[in-house]
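Asker: File my_file_32.cif below, mmCIF, C-alpha atoms and all ligand atoms:
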```cif
data_query
#
loop_
_atom_site.label_atom_id
_atom_site.label_comp_id
_atom_site.auth_asym_id
_atom_site.auth_seq_id
_atom_site.Cartn_x
_atom_site.Cartn_y
_atom_site.Cartn_z
CA MET A 1 66.48 -0.31 -78.02
CA LYS A 2 67.46 -3.80 -76.96
CA ILE A 3 65.64 -6.76 -78.48
CA SER A 4 64.32 -7.76 -75.06
CA SER A 5 62.81 -4.28 -74.55
CA LEU A 6 61.25 -4.40 -78.00
CA LEU A 7 59.72 -7.78 -77.23
CA LEU A 8 58.32 -6.44 -73.95
CA LEU A 9 56.87 -3.43 -75.74
CA ALA A 10 55.31 -5.62 -78.43
CA ALA A 11 53.83 -7.91 -75.78
CA SER A 12 52.29 -4.98 -73.92
CA VAL A 13 50.76 -3.55 -77.12
CA VAL A 14 49.27 -6.93 -78.03
CA GLY A 15 48.10 -7.36 -74.45
CA SER A 16 46.33 -4.02 -74.26
CA SER A 17 44.49 -4.49 -77.54
CA ALA A 18 43.34 -8.02 -76.78
CA PRO A 19 39.71 -8.39 -75.70
CA ALA A 20 39.29 -8.24 -71.91
CA PHE A 21 37.92 -11.78 -71.88
CA ALA A 22 41.24 -12.97 -73.33
CA GLN A 23 42.06 -14.60 -70.02
CA PHE A 24 39.13 -16.90 -70.77
CA ALA A 25 39.19 -19.14 -73.83
CA LYS A 26 35.93 -17.61 -75.05
CA ALA A 27 33.37 -14.99 -73.99
CA GLU A 28 30.96 -17.80 -73.14
CA ASP A 29 33.43 -19.10 -70.55
CA ALA A 30 33.65 -15.65 -68.93
CA VAL A 31 29.84 -15.55 -68.63
CA LYS A 32 29.78 -19.03 -67.12
CA TYR A 33 32.63 -18.19 -64.74
CA ARG A 34 30.99 -15.08 -63.30
CA LYS A 35 27.57 -16.73 -63.03
CA ASN A 36 29.01 -19.73 -61.23
CA ALA A 37 31.01 -17.55 -58.86
CA LEU A 38 27.93 -15.41 -58.11
CA PHE A 39 25.88 -18.58 -57.59
CA VAL A 40 28.34 -20.01 -55.07
CA MET A 41 28.53 -16.63 -53.35
CA GLN A 42 24.72 -16.42 -53.14
CA GLN A 43 24.37 -19.95 -51.78
CA ASN A 44 26.77 -19.14 -48.97
CA PHE A 45 25.37 -15.68 -48.30
CA GLY A 46 21.84 -17.09 -48.42
CA ARG A 47 22.69 -19.67 -45.75
CA VAL A 48 23.84 -16.92 -43.40
CA ALA A 49 20.87 -14.69 -44.33
CA ALA A 50 18.48 -17.55 -43.51
CA MET A 51 20.02 -17.77 -40.04
CA ALA A 52 19.80 -14.00 -39.63
CA SER A 53 16.09 -14.00 -40.48
CA GLY A 54 15.34 -17.02 -38.29
CA LYS A 55 14.42 -19.22 -41.27
CA ALA A 56 17.29 -21.54 -40.35
CA PRO A 57 18.66 -22.38 -36.92
CA PHE A 58 21.72 -20.35 -35.99
CA ASP A 59 24.93 -22.33 -36.21
CA ALA A 60 27.85 -20.02 -35.51
CA LYS A 61 30.46 -22.29 -37.10
CA VAL A 62 28.50 -22.79 -40.33
CA ALA A 63 27.72 -19.06 -40.45
CA ALA A 64 31.40 -18.13 -40.10
CA GLU A 65 32.51 -20.64 -42.73
CA SER A 66 29.76 -19.68 -45.16
CA ALA A 67 30.41 -15.96 -44.76
CA ALA A 68 34.15 -16.49 -45.29
CA THR A 69 33.43 -18.46 -48.47
CA ALA A 70 30.98 -15.83 -49.74
CA ASP A 71 33.59 -13.16 -49.01
CA PHE A 72 36.28 -14.98 -50.98
CA VAL A 73 34.12 -16.10 -53.90
CA GLY A 74 32.60 -12.61 -54.13
CA LYS A 75 35.99 -11.34 -55.30
CA LEU A 76 35.98 -13.58 -58.37
CA PRO A 77 33.19 -12.57 -60.77
CA TRP A 78 34.38 -9.09 -61.68
CA VAL A 79 37.29 -10.02 -63.94
CA ALA A 80 34.79 -11.88 -66.11
CA PHE A 81 32.79 -8.79 -67.12
CA GLY A 82 35.23 -7.80 -69.89
CA GLU A 83 34.36 -6.23 -73.23
CA GLY A 84 32.57 -8.64 -75.54
CA THR A 85 30.97 -10.62 -72.71
CA ASP A 86 27.63 -8.80 -72.90
CA LYS A 87 25.96 -11.42 -75.09
CA GLY A 88 24.74 -14.97 -74.72
CA ASP A 89 23.20 -16.61 -71.70
CA THR A 90 23.35 -13.58 -69.43
CA ARG A 91 21.05 -11.16 -67.65
CA ALA A 92 23.81 -8.55 -67.49
CA LYS A 93 22.51 -5.20 -68.76
CA PRO A 94 24.46 -3.20 -71.37
CA GLU A 95 24.76 -0.45 -68.71
CA ILE A 96 27.57 -2.49 -67.13
CA TRP A 97 29.79 -1.60 -70.09
CA LYS A 98 28.35 1.92 -70.49
CA GLU A 99 28.86 2.90 -66.86
CA PRO A 100 31.87 0.82 -65.77
CA ALA A 101 32.84 3.18 -62.94
CA LYS A 102 29.39 2.93 -61.38
CA PHE A 103 29.36 -0.85 -61.82
CA LYS A 104 32.78 -1.11 -60.16
CA GLU A 105 31.61 1.09 -57.31
CA TYR A 106 28.68 -1.28 -56.69
CA ALA A 107 30.89 -4.35 -56.95
CA ASP A 108 33.43 -2.83 -54.55
CA LYS A 109 30.72 -1.87 -52.08
CA MET A 110 29.34 -5.41 -52.10
CA GLN A 111 32.81 -6.84 -51.46
CA LEU A 112 33.37 -4.40 -48.60
CA GLU A 113 30.06 -5.28 -46.94
CA MET A 114 30.62 -8.99 -47.53
CA SER A 115 34.02 -8.76 -45.83
CA LYS A 116 32.34 -7.01 -42.88
CA LEU A 117 29.81 -9.84 -42.77
CA SER A 118 32.64 -12.33 -42.59
CA VAL A 119 34.18 -10.42 -39.68
CA ALA A 120 30.77 -10.21 -37.98
CA ALA A 121 30.16 -13.94 -38.44
CA LYS A 122 33.49 -14.72 -36.79
CA THR A 123 32.30 -12.92 -33.65
CA GLY A 124 29.50 -15.47 -33.39
CA ASN A 125 27.10 -12.68 -32.40
CA LEU A 126 23.78 -13.03 -34.22
CA ASP A 127 22.90 -9.34 -33.86
CA ASN A 128 26.15 -8.33 -35.56
CA ILE A 129 25.41 -10.86 -38.29
CA LYS A 130 21.88 -9.51 -38.82
CA THR A 131 23.18 -5.95 -39.28
CA ALA A 132 25.85 -7.08 -41.73
CA VAL A 133 23.48 -9.34 -43.69
CA SER A 134 21.13 -6.43 -44.13
CA ALA A 135 23.89 -4.10 -45.37
CA THR A 136 25.30 -6.75 -47.70
CA GLY A 137 21.87 -7.72 -49.08
CA GLY A 138 21.25 -4.05 -49.87
CA THR A 139 24.34 -3.97 -52.06
CA CYS A 140 23.20 -7.12 -53.93
CA LYS A 141 19.81 -5.56 -54.54
CA SER A 142 20.98 -2.14 -55.72
CA CYS A 143 23.34 -3.70 -58.26
CA HIS A 144 20.61 -6.04 -59.53
CA ASP A 145 18.17 -3.12 -59.79
CA ASP A 146 20.52 -1.12 -61.99
CA PHE A 147 22.60 -3.71 -63.80
CA ARG A 148 20.65 -6.97 -64.08
CA LYS A 149 17.69 -7.67 -66.36
CA ASP A 150 14.46 -8.60 -64.49
C1 LIG B 201 20.17 -12.99 -51.73
C2 LIG B 201 20.10 -12.87 -53.14
C3 LIG B 201 20.06 -11.56 -53.46
C4 LIG B 201 20.11 -10.77 -52.23
C5 LIG B 201 18.95 -9.83 -52.16
C6 LIG B 201 18.95 -9.07 -50.88
O1 LIG B 201 20.26 -14.01 -51.09
O2 LIG B 201 20.09 -13.84 -54.03
O3 LIG B 201 20.03 -11.05 -54.64
O4 LIG B 201 20.12 -11.72 -51.16
O5 LIG B 201 17.76 -10.55 -52.27
O6 LIG B 201 17.98 -8.05 -50.95
#
```
In structure tokens, what does this structure look like?

Answerer:
Amino acid sequence: MKISSLLLLAASVVGSSAPAFAQFAKAEDAVKYRKNALFVMQQNFGRVAAMASGKAPFDAKVAAESAATADFVGKLPWVAFGEGTDKGDTRAKPEIWKEPAKFKEYADKMQLEMSKLSVAAKTGNLDNIKTAVSATGGTCKSCHDDFRKD
């Protein structure tokens, strides 16, 4: 085997045995990262949801921008749920690491519904937005029910 192949092999072995939060300097950073991403997502989703429920005046441009931001930011948290990030300042339940396939299914469903909300918001049609907000909110809730403390 060539030296370069050996080096590649060694790198992949080291890589696969490193903790999943290795892309963050420490587990604490992973927790902060996912919480901040989820917070920014919620703030943007919440703005659109407030318009959908009539609590805020409907502004099609703000709705479209907010939904697009929520859609993008909603893709970010998941990489930060690696092994070893179950402790500290987090409400994440241990079930996340016991049932990773189910957790991923919920996370994927949320991202799918959030992307549909972004499409709906671009139409500028409030009825479409209401339907998509409701579907998206349901995915937030079911994940919190099963995977978040309190
Ligand atoms: C939000 C938020 C949630 C969801 C959920 C919808 O704005 O913070 O967790 O919507 O309440 O049922």

Asker: Give me, as a PyMOL selection string, the set of residues whose atoms come within 6 Å of any atom of ligand LIG 201 (chain B), counting only C-alpha atoms and all ligand atoms.

Answerer: chain A and resi 42+46+137-138+140-141

Asker: For a test of reading the model, state the distance in Å between CA of His144 in chain A and CA of Phe72 in chain A, rounded to one decimal.

Answerer: 20.0 Å

Asker: At a cut-off of 9 Å, using only C-alpha atoms, what residues contact Val133 in chain A? Leave out same-chain residues fewer than 3 positions from it and give the result as a VMD selection string.

Answerer: chain A and resid 45 48 to 49 52 113 to 114 117 128 to 130 136 to 138

Asker: Print the selection's residues with C-alpha atoms to a file, as a compact mmCIF listing (two decimals), in the coordinates of the input.

Answerer:
```txt
# COMPACT_ATOMS: atom_id res chain seq x y z
CA PHE A 45 25.37 -15.68 -48.30
CA VAL A 48 23.84 -16.92 -43.40
CA ALA A 49 20.87 -14.69 -44.33
CA ALA A 52 19.80 -14.00 -39.63
CA GLU A 113 30.06 -5.28 -46.94
CA MET A 114 30.62 -8.99 -47.53
CA LEU A 117 29.81 -9.84 -42.77
CA ASN A 128 26.15 -8.33 -35.56
CA ILE A 129 25.41 -10.86 -38.29
CA LYS A 130 21.88 -9.51 -38.82
CA THR A 136 25.30 -6.75 -47.70
CA GLY A 137 21.87 -7.72 -49.08
CA GLY A 138 21.25 -4.05 -49.87
```

Asker: Which residue, A:Phe58, A:Phe103, A:Phe81, A:Phe39, has the smallest gap to Gln23 in chain A when you use only C-alpha atoms?

Answerer: A:Phe81

Asker: Mind giving me the straight-line distance from CA of Lys75 in chain A to CA of Val31 in chain A in Å, one decimal?

Answerer: 15.3 Å

Asker: Closest to Asp146 in chain A among A:Ala22, A:Ala27, A:Ala64, A:Ala107, using only C-alpha atoms?

Answerer: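 Comparing A:Ala22, A:Ala27, A:Ala64, A:Ala107 against Asp146 in chain A, the winner is A:Ala107.
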
Asker: Interatomic distance between CA of Asp150 in chain A and CA of Ala132 in chain A?

Answerer: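 Taking CA of Asp150 in chain A as the start and CA of Ala132 in chain A as the end point, the length is 25.5 Å.
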
Asker: Skipping near chain neighbours, those fewer than 5 positions away, what residues fall within 10 Å of Phe24 in chain A using all atoms listed in the file, listed as a list in words?

Answerer: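 Near neighbours after the sequence-gap exclusion: Pro19, Asp29, Ala30, Val31, Tyr33, Val79, Ala80 and Gly82 of chain A.
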
Asker: Could you check which of A:Ser115, A:Asn36, A:Thr85, A:Thr90 is closest to Thr69 in chain A, using all atoms listed in the file?

Answerer: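 Among the listed residues, the smallest separation from Thr69 in chain A belongs to A:Ser115.
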
Asker: Rank A:Pro94, A:Gly74, A:Gly124, A:Gly84 by their smallest atom-to-atom distance to Leu112 in chain A, using all atoms listed in the file, and report the top residue only.

Answerer: A:Gly74

Asker: Taking into account all atoms listed in the file, which residue in the set A:Lys122, A:Thr131, A:Ala50, A:Tyr106 is nearest to Cys143 in chain A?

Answerer: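 For Cys143 in chain A, the nearest of the given residues is A:Tyr106.
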